[in-house]
Amino acid sequence: MTVTPPAERVGQAFARRETAGRMLAEDSERVALACRDMAIRFHRGGKLIAFGNGAAGTDAAHIAVEFMHPVIVGKRALPAIAVSNDAAAITGVARQDGLCEVFAHQVRHWGAPGDIVLGISTDGRCVDVLRGLQTGHELGLLTVALTGGDGGMLPTSPAVDHVLTAQSDDPAVVKEVHVTMYHILWELVHVFLEQPGLLGPEVIR
Amino acid sequence: MAGSDPPEGMRELYPFLYSGESEIEAVLAEVGRSTAEKAKEIVALRREVAERSGALLAECGEAMAKRFAMGGRLFTFGNGGSSTDAQEVAEAFSYPPHGRPLPALCLTNDVAVLTALSNDVSFEVVFARQLAALGGTGDIALGLSTSGGSPNVVRAIEEAGRRGMLTIALAGYQGGELAELPTLDYLFAIPSSSVHRIQEAQATVYHVLWELTQDALGELSAQEATA
């Protein structure tokens, strides 16, 4: 058995990220359109509801704190909650109705029609995330999904308005691309919000 | 295009917004170009981190594996966005997609302890006090701070060092106050002036660290089997 020296292994591990990182650029138009629609919702007083399982749940929390308490001084705080943070609600609903219903329940009871739901699933095969997005869609919320690989159930779901996909099958790499994606989402939402003229004629009324 | 006065700095950052262009398509295209630029930036930054810190990462992965092999546990901590990264590090080690599940705990998960210590003592002591109660020689402390100056992260690393724990920190810029700590065993400072890019590169650093730890653990057990 040949053993790769550790230093070389580090190089290989970093190299495995390059393609997916670069391919994000190809999604730039999709990202811009999602930001514009999110900005319209925020402009009208909507809030963001984010969720995900496991590691994706930590990303939901990161997104919420990004909007609520911007790292860039002078940027407006925008209302956002990560519903996957609530261990009591999650385990309570899971015990009664099953894990698949947790996010749907929270969206139903926290969401208003003018809000945004953002579901994260690195492979798009999380039923609870899809159910959360579907419930949001039924109630009239804007629905955004971050996923990776082939996107699983998300790209074909009529309930999802914007699907942003990281081009990798490795959940760790998908997560890393997601971090860049949601940092850009946050930044561009503010670009649109600071210039409401860009939000289109339907907003200026 | 709205004619209101732009916030300070906006014109320099996004000149396309003030070009008098009225078509939304043109604006979307320009905003899209800004996405492409950021994608390029993070790819270049990761490459720089691999070059600068590659050897140190390999060494750190081996040191972590040795601790885990002896029954050590991992404690992670950070504030704000970094607290969510700390949670992910603990999750990655304890419930990995493949490889050996390892004992790891994120200190920010316990809201009761965090608020009790903050209310009764100060926010500065939260992680240090938790490590004093839960950690011991043989364990690993991993703190994240984009500025490198979070007082509670600094104090926790000091406490962990006093207790003989392996200490690791992920920071940005030149590592801030963390870079001054004699008790810190491994510091990975991401050379960027953007908090966002720092956090993105940090995610890669801890994922690679997890991978290297798993590899080193595999080698340790192979050596044991042949010994």
# chains A, B, ... in the order shown; residues from 1 in each chain; ligands from 1
$ residues_around --residues "Lys175 of chain A" --least-positions-apart "6" --cutoff "9 Å" --atoms "only C-alpha atoms" --output "PDB file with C-alpha atoms, in the first residue's frame"
ATOM      1  CA  ALA A  55     -24.666  20.867   9.508  1.00  0.00           C
ATOM      2  CA  ALA A  56     -27.195  22.702   7.308  1.00  0.00           C
ATOM      3  CA  ASP A  59     -25.873  27.366   8.209  1.00  0.00           C
ATOM      4  CA  THR A 122     -26.809  19.557   0.768  1.00  0.00           C
ATOM      5  CA  THR A 147     -28.636  22.493  -2.335  1.00  0.00           C
ATOM      6  CA  GLY A 148     -25.853  20.520  -4.000  1.00  0.00           C
ATOM      7  CA  ALA A 166     -23.410  23.901  -5.431  1.00  0.00           C
TER       8      ALA A 166
ATOM      9  CA  ALA B 203     -15.011  26.213   6.704  1.00  0.00           C
TER      10      ALA B 203
END
$ residues_around --residues "Phe77 of chain B" --least-positions-apart "4" --cutoff "6 Å" --atoms "only C-alpha atoms" --output "ChimeraX atom specification"
/B:83,86,106-107,143
$ closest_atom_pairs --of "chain A" --to "chain B" --cutoff "6 Å" --atoms "only C-alpha atoms" --output "CSV"
residue,atom,partner,partner_atom,distance
A:Pro6,CA,B:Ala58,CA,5.4
A:Ala7,CA,B:Ala55,CA,5.3
A:Val10,CA,B:Gly54,CA,5.8
A:Gly21,CA,B:Val43,CA,5.9
A:Arg22,CA,B:Ala39,CA,5.8
A:Ala25,CA,B:Ala36,CA,4.0
A:Ser28,CA,B:Gly32,CA,4.4
A:Glu29,CA,B:Gly32,CA,5.2
A:Ala32,CA,B:Gly32,CA,5.8
A:Ala55,CA,B:Glu88,CA,5.3
A:Thr58,CA,B:Thr84,CA,4.9
A:His62,CA,B:Gly81,CA,5.1
A:Val179,CA,B:Glu200,CA,5.9
A:Gly197,CA,B:Ala2,CA,4.7
$ write_last_selection --atoms "C-alpha atoms" --output "mmCIF file, in the first residue's frame"
data_model
loop_
_atom_site.group_PDB
_atom_site.id
_atom_site.type_symbol
_atom_site.label_atom_id
_atom_site.label_comp_id
_atom_site.auth_asym_id
_atom_site.auth_seq_id
_atom_site.Cartn_x
_atom_site.Cartn_y
_atom_site.Cartn_z
ATOM 1 C CA PRO A 6 0.326 14.359 4.685
ATOM 2 C CA ALA A 7 1.423 17.604 3.009
ATOM 3 C CA VAL A 10 -3.633 18.636 2.224
ATOM 4 C CA GLY A 21 -15.839 27.122 -5.983
ATOM 5 C CA ARG A 22 -15.251 28.396 -9.491
ATOM 6 C CA ALA A 25 -19.718 32.131 -10.943
ATOM 7 C CA SER A 28 -24.487 34.451 -10.826
ATOM 8 C CA GLU A 29 -27.670 35.335 -12.704
ATOM 9 C CA ALA A 32 -29.030 37.932 -8.601
ATOM 10 C CA ALA A 55 -24.666 20.867 9.508
ATOM 11 C CA THR A 58 -25.828 25.571 11.571
ATOM 12 C CA HIS A 62 -25.463 31.634 10.386
ATOM 13 C CA VAL A 179 -21.347 29.857 2.824
ATOM 14 C CA GLY A 197 -35.649 51.774 -7.752
#
$ residues_around --residues "Leu117 of chain B" --least-positions-apart "4" --cutoff "10 Å" --atoms "only C-alpha atoms" --output "PyMOL selection string"
chain B and resi 111-113+121-127+129-130
$ select_by_dssp --residues "chain A" --states "strand (DSSP E)" --output "list in words"
Leu48, Ile49, Ala50, Phe51, Gly52, Ala80, Ile81, Ala82, Ile116, Val117, Leu118, Gly119, Ile120, Ser121, Leu142, Thr143, Val144, Ala145, Leu146, Thr147, Gly148, His162, Val163, Leu164, Thr165 and Ala166 of chain A
$ select_by_dssp --residues "segment 39-178 of chain A" --states "helix (DSSP H, G or I)" --output "ChimeraX atom specification"
/A:39-43,55-68,83-85,87-97,99-110,127-138,171-178
$ residues_around --residues "Gly46 of chain A" --least-positions-apart "4" --cutoff "10 Å" --atoms "only C-alpha atoms" --output "list in words"
Met38, Ala39, Ile40, Arg41, Phe42, Leu78, Pro79, Ala80, Gly111, Ala112, Pro113, Gly114, Asp115, Ile116, Leu141 and Leu142 of chain A
$ write_last_selection --atoms "C-alpha atoms" --output "short mmCIF file (atom, residue, chain, number, x, y, z; two decimals), in the first residue's frame"
data_model
loop_
_atom_site.label_atom_id
_atom_site.label_comp_id
_atom_site.auth_asym_id
_atom_site.auth_seq_id
_atom_site.Cartn_x
_atom_site.Cartn_y
_atom_site.Cartn_z
CA MET A 38 -35.81 38.53 -1.44
CA ALA A 39 -35.15 42.28 -1.34
CA ILE A 40 -38.72 42.94 -2.53
CA ARG A 41 -40.04 40.91 0.41
CA PHE A 42 -37.79 42.62 2.94
CA LEU A 78 -33.23 42.65 8.74
CA PRO A 79 -35.62 40.27 10.51
CA ALA A 80 -34.59 36.62 10.28
CA GLY A 111 -44.78 32.55 8.49
CA ALA A 112 -46.83 35.39 7.03
CA PRO A 113 -47.60 35.55 3.29
CA GLY A 114 -45.04 38.33 2.74
CA ASP A 115 -42.15 36.35 4.25
CA ILE A 116 -39.31 34.32 2.77
CA LEU A 141 -44.17 32.95 0.96
CA LEU A 142 -41.18 33.31 -1.36
#
$ atom_distance --atom1 "atom CA of Ala160 of chain B" --atom2 "atom CA of Thr183 of chain B"
8.2 Å
$ residues_around --residues "Leu170 of chain B" --least-positions-apart "3" --cutoff "9 Å" --atoms "only C-alpha atoms" --output "list in words"
Leu142, Gly143, Leu144, Ser145, Thr146, Gly148, Gly175, Tyr186, Leu187, Phe188, Ala189, Ile190, Gln202, Val205 and Tyr206 of chain B
$ write_last_selection --atoms "N, CA and C atoms" --output "PDB file, in the first residue's frame"
ATOM      1  N   LEU B 142     -10.912  23.878  20.477  1.00  0.00           N
ATOM      2  CA  LEU B 142     -10.822  24.555  19.178  1.00  0.00           C
ATOM      3  C   LEU B 142     -11.734  25.782  19.182  1.00  0.00           C
ATOM      4  N   GLY B 143     -11.124  26.961  19.080  1.00  0.00           N
ATOM      5  CA  GLY B 143     -11.889  28.198  19.100  1.00  0.00           C
ATOM      6  C   GLY B 143     -11.849  28.895  17.753  1.00  0.00           C
ATOM      7  N   LEU B 144     -12.954  29.573  17.418  1.00  0.00           N
ATOM      8  CA  LEU B 144     -13.011  30.323  16.158  1.00  0.00           C
ATOM      9  C   LEU B 144     -13.314  31.782  16.448  1.00  0.00           C
ATOM     10  N   SER B 145     -12.556  32.675  15.822  1.00  0.00           N
ATOM     11  CA  SER B 145     -12.799  34.108  15.968  1.00  0.00           C
ATOM     12  C   SER B 145     -12.260  34.783  14.713  1.00  0.00           C
ATOM     13  N   THR B 146     -13.140  35.396  13.932  1.00  0.00           N
ATOM     14  CA  THR B 146     -12.662  35.984  12.670  1.00  0.00           C
ATOM     15  C   THR B 146     -11.665  37.104  12.941  1.00  0.00           C
ATOM     16  N   GLY B 148      -9.867  37.342  15.770  1.00  0.00           N
ATOM     17  CA  GLY B 148      -8.780  36.841  16.606  1.00  0.00           C
ATOM     18  C   GLY B 148      -8.759  37.533  17.960  1.00  0.00           C
ATOM     19  N   GLY B 175      -4.379  37.031  12.881  1.00  0.00           N
ATOM     20  CA  GLY B 175      -4.655  36.212  14.065  1.00  0.00           C
ATOM     21  C   GLY B 175      -4.933  37.012  15.322  1.00  0.00           C
ATOM     22  N   TYR B 186      -1.775  25.577  17.802  1.00  0.00           N
ATOM     23  CA  TYR B 186      -1.938  25.733  16.349  1.00  0.00           C
ATOM     24  C   TYR B 186      -2.857  26.915  16.037  1.00  0.00           C
ATOM     25  N   LEU B 187      -2.358  27.835  15.240  1.00  0.00           N
ATOM     26  CA  LEU B 187      -3.178  28.961  14.798  1.00  0.00           C
ATOM     27  C   LEU B 187      -3.264  28.949  13.275  1.00  0.00           C
ATOM     28  N   PHE B 188      -4.493  28.972  12.776  1.00  0.00           N
ATOM     29  CA  PHE B 188      -4.695  29.090  11.329  1.00  0.00           C
ATOM     30  C   PHE B 188      -5.355  30.443  11.064  1.00  0.00           C
ATOM     31  N   ALA B 189      -4.574  31.387  10.609  1.00  0.00           N
ATOM     32  CA  ALA B 189      -5.084  32.735  10.354  1.00  0.00           C
ATOM     33  C   ALA B 189      -5.287  32.901   8.850  1.00  0.00           C
ATOM     34  N   ILE B 190      -6.491  33.317   8.473  1.00  0.00           N
ATOM     35  CA  ILE B 190      -6.822  33.445   7.058  1.00  0.00           C
ATOM     36  C   ILE B 190      -6.472  34.857   6.588  1.00  0.00           C
ATOM     37  N   GLN B 202     -12.331  29.426   6.402  1.00  0.00           N
ATOM     38  CA  GLN B 202     -12.280  28.679   7.667  1.00  0.00           C
ATOM     39  C   GLN B 202     -13.069  27.383   7.572  1.00  0.00           C
ATOM     40  N   VAL B 205     -10.880  24.968   6.050  1.00  0.00           N
ATOM     41  CA  VAL B 205      -9.820  24.562   6.979  1.00  0.00           C
ATOM     42  C   VAL B 205     -10.323  23.490   7.944  1.00  0.00           C
ATOM     43  N   TYR B 206     -11.523  23.697   8.536  1.00  0.00           N
ATOM     44  CA  TYR B 206     -11.950  22.673   9.508  1.00  0.00           C
ATOM     45  C   TYR B 206     -12.428  21.388   8.843  1.00  0.00           C
TER      46      TYR B 206
END
$ residues_around --residues "Ala128 of chain B" --least-positions-apart "5" --cutoff "7 Å" --atoms "only C-alpha atoms" --output "number ranges by chain"
B: 155-156, 159
$ write_last_selection --atoms "N, CA and C atoms" --output "PDB file, in the first residue's frame"
ATOM      1  N   ARG B 155      -9.652  33.843  26.370  1.00  0.00           N
ATOM      2  CA  ARG B 155      -9.584  33.305  27.741  1.00  0.00           C
ATOM      3  C   ARG B 155      -9.748  31.795  27.765  1.00  0.00           C
ATOM      4  N   ALA B 156     -10.574  31.271  26.887  1.00  0.00           N
ATOM      5  CA  ALA B 156     -10.781  29.815  26.843  1.00  0.00           C
ATOM      6  C   ALA B 156      -9.517  29.098  26.384  1.00  0.00           C
ATOM      7  N   GLU B 159      -7.146  29.062  29.283  1.00  0.00           N
ATOM      8  CA  GLU B 159      -7.579  28.057  30.274  1.00  0.00           C
ATOM      9  C   GLU B 159      -7.248  26.645  29.785  1.00  0.00           C
TER      10      GLU B 159
END
$ atom_distance --atom1 "atom CA of Val93 of chain A" --atom2 "atom CA of Thr135 of chain A"
15.3 Å
$ residues_around --residues "Val127 of chain A" --least-positions-apart "2" --cutoff "10 Å" --atoms "only C-alpha atoms" --output "NGL selection string"
:A and (99-101 or 103 or 121 or 124-125 or 129-133 or 153-154)
$ atom_distance --atom1 "atom CA of Pro70 of chain A" --atom2 "atom CA of Glu187 of chain A"
9.7 Å
